[in-house]
Structures are given as structure tokens and as C-alpha cells.
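upload.txt (compact mmCIF, C-alpha atoms)
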```txt
# COMPACT_ATOMS: atom_id res chain seq x y z
CA MET A 18 85.84 75.02 82.08
CA ILE A 19 82.37 74.19 83.40
CA VAL A 20 81.80 70.59 84.42
CA ASN A 21 78.37 69.21 83.62
CA LYS A 22 77.66 66.25 85.91
CA LEU A 23 74.54 64.91 84.18
CA LYS A 24 74.95 62.08 81.70
CA PRO A 25 73.00 61.67 78.44
CA GLY A 26 69.96 59.44 78.69
CA GLN A 27 66.44 58.96 77.47
CA GLY A 28 64.34 61.98 78.42
CA LYS A 29 67.37 64.25 78.92
CA LEU A 30 68.24 67.36 76.94
CA LEU A 31 71.45 67.91 75.02
CA ILE A 32 72.35 71.58 74.86
CA SER A 33 75.04 72.58 72.39
CA GLU A 34 77.99 74.37 73.92
CA PRO A 35 78.23 78.02 72.79
CA THR A 36 81.32 77.35 70.66
CA LEU A 37 79.76 74.47 68.67
CA SER A 38 79.63 75.79 65.12
CA ASP A 39 78.07 72.79 63.33
CA SER A 40 75.37 74.19 61.04
CA PHE A 41 72.79 71.64 62.21
CA PHE A 42 73.44 71.84 65.93
CA LYS A 43 74.62 75.39 66.65
CA ARG A 44 72.62 76.74 69.64
CA SER A 45 70.38 73.67 69.63
CA VAL A 46 68.40 71.92 72.34
CA VAL A 47 67.91 68.22 71.60
CA LEU A 48 65.46 65.93 73.40
CA LEU A 49 66.90 62.41 73.64
CA VAL A 50 64.16 59.84 73.02
CA GLU A 51 66.45 56.79 72.95
CA HIS A 52 69.90 56.21 74.42
CA ASN A 53 71.32 52.71 74.73
CA ASP A 54 74.09 50.38 73.52
CA THR A 55 72.86 50.59 69.92
CA GLY A 56 73.07 54.39 69.77
CA THR A 57 71.15 57.57 70.51
CA VAL A 58 68.14 59.21 68.85
CA GLY A 59 66.86 62.72 69.54
CA PHE A 60 64.97 65.66 68.09
CA ILE A 61 66.11 69.29 67.92
CA LEU A 62 63.39 71.22 69.75
CA ASN A 63 64.30 74.76 68.79
CA LYS A 64 64.84 74.84 65.03
CA SER A 65 61.76 75.60 62.96
CA ALA A 66 61.52 73.82 59.60
CA GLN A 67 59.61 76.92 58.36
CA ILE A 68 56.65 74.76 57.33
CA LEU A 69 53.25 73.99 58.84
CA LEU A 70 51.61 70.57 59.04
CA HIS A 71 48.89 71.41 56.51
CA GLU A 72 51.59 72.50 54.03
CA ALA A 73 53.29 69.11 54.33
CA ILE A 74 50.18 66.88 54.43
CA GLU A 75 47.04 67.96 52.55
CA GLU A 76 44.72 66.03 54.87
CA PHE A 77 45.48 68.54 57.64
CA GLU A 78 44.18 71.61 55.80
CA GLY A 79 43.54 74.34 58.35
CA PHE A 80 45.69 72.80 61.08
CA ASN A 81 48.61 75.14 61.76
CA PHE A 82 50.92 72.84 63.68
CA PRO A 83 54.51 74.05 63.31
CA ILE A 84 57.02 71.49 62.09
CA TYR A 85 60.54 71.53 63.52
CA PHE A 86 63.83 70.39 62.02
CA GLY A 87 64.54 67.29 64.11
CA GLY A 88 68.01 66.67 62.75
CA PRO A 89 70.03 65.72 59.70
CA VAL A 90 68.98 62.04 59.49
CA LYS A 91 65.98 61.04 57.33
CA ARG A 92 64.94 64.65 56.73
CA ASP A 93 62.15 63.55 54.40
CA ASN A 94 60.37 61.62 57.18
CA LEU A 95 57.90 63.09 59.67
CA PHE A 96 58.27 62.14 63.35
CA PHE A 97 56.35 63.27 66.42
CA ILE A 98 56.45 63.44 70.19
CA HIS A 99 53.36 64.00 72.29
CA THR A 100 51.70 64.10 75.69
CA LEU A 101 48.76 61.89 74.71
CA GLY A 102 50.16 58.63 76.10
CA ASP A 103 47.89 55.61 75.78
CA GLN A 104 45.48 57.50 73.53
CA ILE A 105 47.95 56.74 70.72
CA THR A 106 48.65 53.03 70.45
CA GLY A 107 52.28 52.08 70.03
CA SER A 108 53.61 55.19 71.78
CA ILE A 109 57.01 54.85 73.41
CA PRO A 110 57.36 56.52 76.83
CA ILE A 111 60.26 59.00 76.95
CA SER A 112 59.81 60.44 80.43
CA GLU A 113 56.99 61.50 82.75
CA GLY A 114 54.14 62.62 80.48
CA LEU A 115 56.18 62.56 77.22
CA PHE A 116 55.88 59.98 74.46
CA TRP A 117 57.45 59.28 71.08
CA GLY A 118 55.59 58.12 67.98
CA GLY A 119 52.80 55.61 67.82
CA ASN A 120 49.96 54.90 65.42
CA PHE A 121 49.81 57.86 63.02
CA GLU A 122 46.22 57.09 61.94
CA VAL A 123 45.06 57.38 65.55
CA LEU A 124 46.94 60.67 65.90
CA LYS A 125 45.48 61.93 62.63
CA ASN A 126 41.93 61.21 63.84
CA LEU A 127 42.58 62.96 67.16
CA ILE A 128 43.82 66.04 65.30
CA LEU A 129 40.97 66.06 62.78
CA GLU A 130 38.44 65.68 65.63
CA GLU A 131 40.23 68.58 67.38
CA LYS A 132 41.09 66.39 70.37
CA ALA A 133 44.82 67.05 69.96
CA GLY A 134 46.59 70.33 69.24
CA PRO A 135 50.07 71.85 69.12
CA LYS A 136 50.27 71.88 72.92
CA GLN A 137 50.02 68.05 72.89
CA VAL A 138 51.91 67.13 69.69
CA LYS A 139 55.19 68.35 68.22
CA PHE A 140 56.24 67.33 64.69
CA PHE A 141 59.76 66.99 63.27
CA LEU A 142 61.29 66.51 59.84
CA GLY A 143 64.25 64.20 60.38
CA TYR A 144 65.99 63.23 63.57
CA SER A 145 69.38 63.47 65.24
CA GLY A 146 71.27 60.22 65.61
CA TRP A 147 74.52 59.02 67.10
CA GLU A 148 76.18 55.65 66.64
CA PRO A 149 77.30 53.69 69.73
CA ASN A 150 79.90 55.71 71.66
CA GLN A 151 79.71 58.67 69.23
CA LEU A 152 77.83 60.90 71.68
CA GLN A 153 80.24 59.97 74.49
CA ARG A 154 83.13 61.08 72.25
CA GLU A 155 81.36 64.36 71.52
CA MET A 156 80.81 64.86 75.25
CA THR A 157 84.55 64.51 75.91
CA GLU A 158 85.18 67.01 73.09
CA HIS A 159 82.97 69.50 75.00
CA SER A 160 80.29 69.78 72.32
CA TRP A 161 77.30 69.25 74.62
CA PHE A 162 75.88 69.95 78.05
CA VAL A 163 73.17 67.73 79.51
CA SER A 164 70.09 68.94 81.38
CA ASN A 165 66.83 67.54 82.63
CA ALA A 166 63.80 67.99 80.41
CA THR A 167 60.36 69.10 81.50
CA LYS A 168 57.19 68.42 79.58
CA GLN A 169 56.41 72.15 79.57
CA LEU A 170 59.76 73.08 78.04
CA VAL A 171 59.70 70.31 75.44
CA MET A 172 56.16 71.11 74.29
CA GLN A 173 56.44 74.91 74.19
CA GLU A 174 55.45 76.16 70.75
CA THR A 175 58.08 78.82 70.24
CA ASP A 176 61.69 78.07 69.50
CA ASN A 177 62.88 81.65 70.00
CA GLY A 178 65.33 81.84 72.86
CA MET A 179 64.99 78.22 74.03
CA TRP A 180 68.76 77.60 74.00
CA ARG A 181 69.38 80.67 76.18
CA GLN A 182 66.40 79.81 78.42
CA VAL A 183 67.72 76.29 79.10
CA MET A 184 71.27 77.51 79.69
CA LYS A 185 70.07 80.08 82.23
CA ALA A 186 67.95 77.49 84.03
CA MET A 187 71.03 75.26 84.48
CA GLY A 188 72.64 77.67 86.96
CA GLU A 189 74.79 80.75 87.26
CA GLU A 190 77.85 79.45 85.39
CA PHE A 191 75.72 78.34 82.46
CA ALA A 192 73.74 81.60 82.53
CA LEU A 193 77.00 83.44 81.88
CA LEU A 194 77.66 81.22 78.88
CA SER A 195 74.18 81.95 77.53
CA ASN A 196 75.44 85.45 76.69
CA PHE A 197 78.34 84.11 74.61
CA PRO A 198 78.17 85.90 71.23
CA ASP A 199 76.87 83.96 68.21
CA ASN A 200 79.96 84.93 66.30
CA PRO A 201 82.86 85.83 68.63
CA SER A 202 85.01 87.09 65.74
CA MET A 203 82.48 89.91 65.17
CA ASN A 204 83.17 91.40 68.64
```
Structure encoded using C-alpha cells:
Amino acid sequence: MIVNKLKPGQGKLLISEPTLSDSFFKRSVVLLVEHNDTGTVGFILNKSAQILLHEAIEEFEGFNFPIYFGGPVKRDNLFFIHTLGDQITGSIPISEGLFWGGNFEVLKNLILEEKAGPKQVKFFLGYSGWEPNQLQREMTEHSWFVSNATKQLVMQETDNGMWRQVMKAMGEEFALLSNFPDNPSMN
């Protein structure tokens, strides 16, 4: 068994273990935006919602921002992370150069004025949430690995292969696990 020494925290990544079969979290990479005594909030970075921003909100006609499935909680709400910092009032710092939420009207104006694009903003339908101590229990059940996040990784536009990419970047033992078959019973 591989021991992962990093602990969950704001700005860290949760990477599902290869054997996690939960339909929402299988082969997922989750950015944690909040982790404290009241619980944990994060967004799945590598699951496309198969919808573009202009398809969800008419005002963004012509703006082809992909929307990702952030998690199973409040799936009818739109959330966002960004690299725009103080340009968006009310933003919450996540880690160096990464922010969560803020004034949507300000963001909308930046997008419509073409001062913000998909490389600076990532949208999510829903979020992933854990009650106090729930994530710690899941960690002891070997459902998750923890890794450091980089702004470049978090903001990359494609979700293809992100899980494998993160696993390989975590070191040789994890790289071996990145080749674990999606469905071991089919081998």
C-alpha cells in the first residue's frame, strides 16, 4: 500500500484512488477551496458537464467557456474559480494566484469586454462537499490521495488525462497506479 504523506487542505488536490468506483468521483481530481472545522468544499477539475457557458446563460452568446461538473451538491448552481484576484471583488484566495468566486457582475463585464477568458476562469455546475470529519474518514478508507496544486494544472482547459497526469507527477509509485485499468474485471 502506498502511503500519501500530504494532508487535505485549502489549495490541495484530492486524487481518487484507482479502485474508487463512485460514479461521481471515479478517476477525479478535486481542487479543495475550503477545508476547516465546518467541512470541506471542492470542485472536480476533470469532468466536463458537456455544456458551454453561452448554452447555460444567454448573455454570454459567443463565449465558449467549457463548464465542468464540480460535484454532486447544488448541481443547478454555477460556481467559478479564477486567476483574476482583486479584479473581482469578493474573491476568496485559494492559493498562490488562484481565487474562488466573487462578484459575478464584475466577472460578467470582464468576460463581455474580453478581458477574461477560459485561461483565467473555470466554471462548475455543483460542488463537492464533505461534512466535518467525513473526508478524514474517506482518507482512512483509502479513497483519496492528496497532492499539491499548481495554477497551471488547475486552469488547464482540457480534462482528458488529468487524473493520470497528476498521478504520474506524484512519483514513481503513483505513476504505476496511473496504469491501473478502469475496470479490472475486464482484464
Task: Selection near Lys43 (chain A), 10 Å with all atoms listed in the file, sequence-local residues under 3 positions removed, as a ChimeraX atom specification - done: /A:32-40,46,64,160,180,199
Counting only C-alpha atoms, which residues in region 154-177 of chain A sit no more than 12 Å from region 78-102 of chain A? For each one, give the nearest pair of atoms and the distance in Å, sorted by chain then residue number, as JSON lines.
```
{"residue": "A:Thr167", "atom": "CA", "partner": "A:Thr100", "partner_atom": "CA", "distance": 11.6}
{"residue": "A:Lys168", "atom": "CA", "partner": "A:Thr100", "partner_atom": "CA", "distance": 8.0}
{"residue": "A:Gln169", "atom": "CA", "partner": "A:Thr100", "partner_atom": "CA", "distance": 10.1}
{"residue": "A:Val171", "atom": "CA", "partner": "A:Ile98", "partner_atom": "CA", "distance": 9.2}
{"residue": "A:Met172", "atom": "CA", "partner": "A:His99", "partner_atom": "CA", "distance": 7.9}
{"residue": "A:Gln173", "atom": "CA", "partner": "A:Pro83", "partner_atom": "CA", "distance": 11.1}
{"residue": "A:Glu174", "atom": "CA", "partner": "A:Pro83", "partner_atom": "CA", "distance": 7.8}
{"residue": "A:Thr175", "atom": "CA", "partner": "A:Pro83", "partner_atom": "CA", "distance": 9.1}
{"residue": "A:Asp176", "atom": "CA", "partner": "A:Tyr85", "partner_atom": "CA", "distance": 8.9}
```
TODO: In Å, rounded to a single decimal, give me how far CA of Gln27 (chain A) is from CA of Gly114 (chain A).
DONE: 13.2 Å
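Each of A:Val163, A:Ala192, A:Val50, A:Leu115 was checked against Leu31 (chain A) using only C-alpha atoms; the smallest atom-to-atom distance is that of A:Val163.
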- [ ] In Å, rounded to a single decimal, give me how far CA of Gly118 (chain A) is from CA of Trp147 (chain A).
- [x]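 About the pair CA of Trp147 (chain A) and CA of Gly118 (chain A): they are 19.0 Å apart.
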Open item on the list: As an exercise, work out the distance from CA of Gly146 (chain A) to CA of Phe116 (chain A) in Å and give it to one decimal place.
Closed with: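 One can read the CA of Gly146 (chain A) to CA of Phe116 (chain A) distance as 17.8 Å.
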TODO: May I ask which of the residues A:Lys132, A:Asn126, A:Glu113, A:Arg181 is the closest one to Asn63 (chain A), counting all atoms listed in the file?
DONE: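 Closest to Asn63 (chain A) of all the choices is A:Arg181.
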Open item on the list: I'd like to know which of A:Leu142, A:Val58, A:Ile105, A:Leu129 is closest to Glu76 (chain A), using all atoms listed in the file.
Closed with: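 Among the listed residues, the smallest separation from Glu76 (chain A) belongs to A:Leu129.
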- [ ] Point out the residue among A:Ile111, A:Leu62, A:Met184, A:Leu124 with the least atom-to-atom distance to Gly28 (chain A), counting only C-alpha atoms.
- [x] A:Ile111
Open item on the list: The residues within 12 Å of (84.9, 66.5, 74.2), using only C-alpha atoms and the coordinates of the file, should be reported as a PyMOL selection string; which are they?
Closed with: chain A and resi 18+20-21+33-34+36-37+151-162
Hey, could you pull the box centre and edge lengths for region 39-47 of chain A, axis-aligned, 6 Å padding per side, all listed atoms, to one decimal in Å, as AutoDock Vina command-line options?
```
--center_x 73.0 --center_y 72.5 --center_z 66.7 --size_x 22.2 --size_y 20.5 --size_z 23.3
```
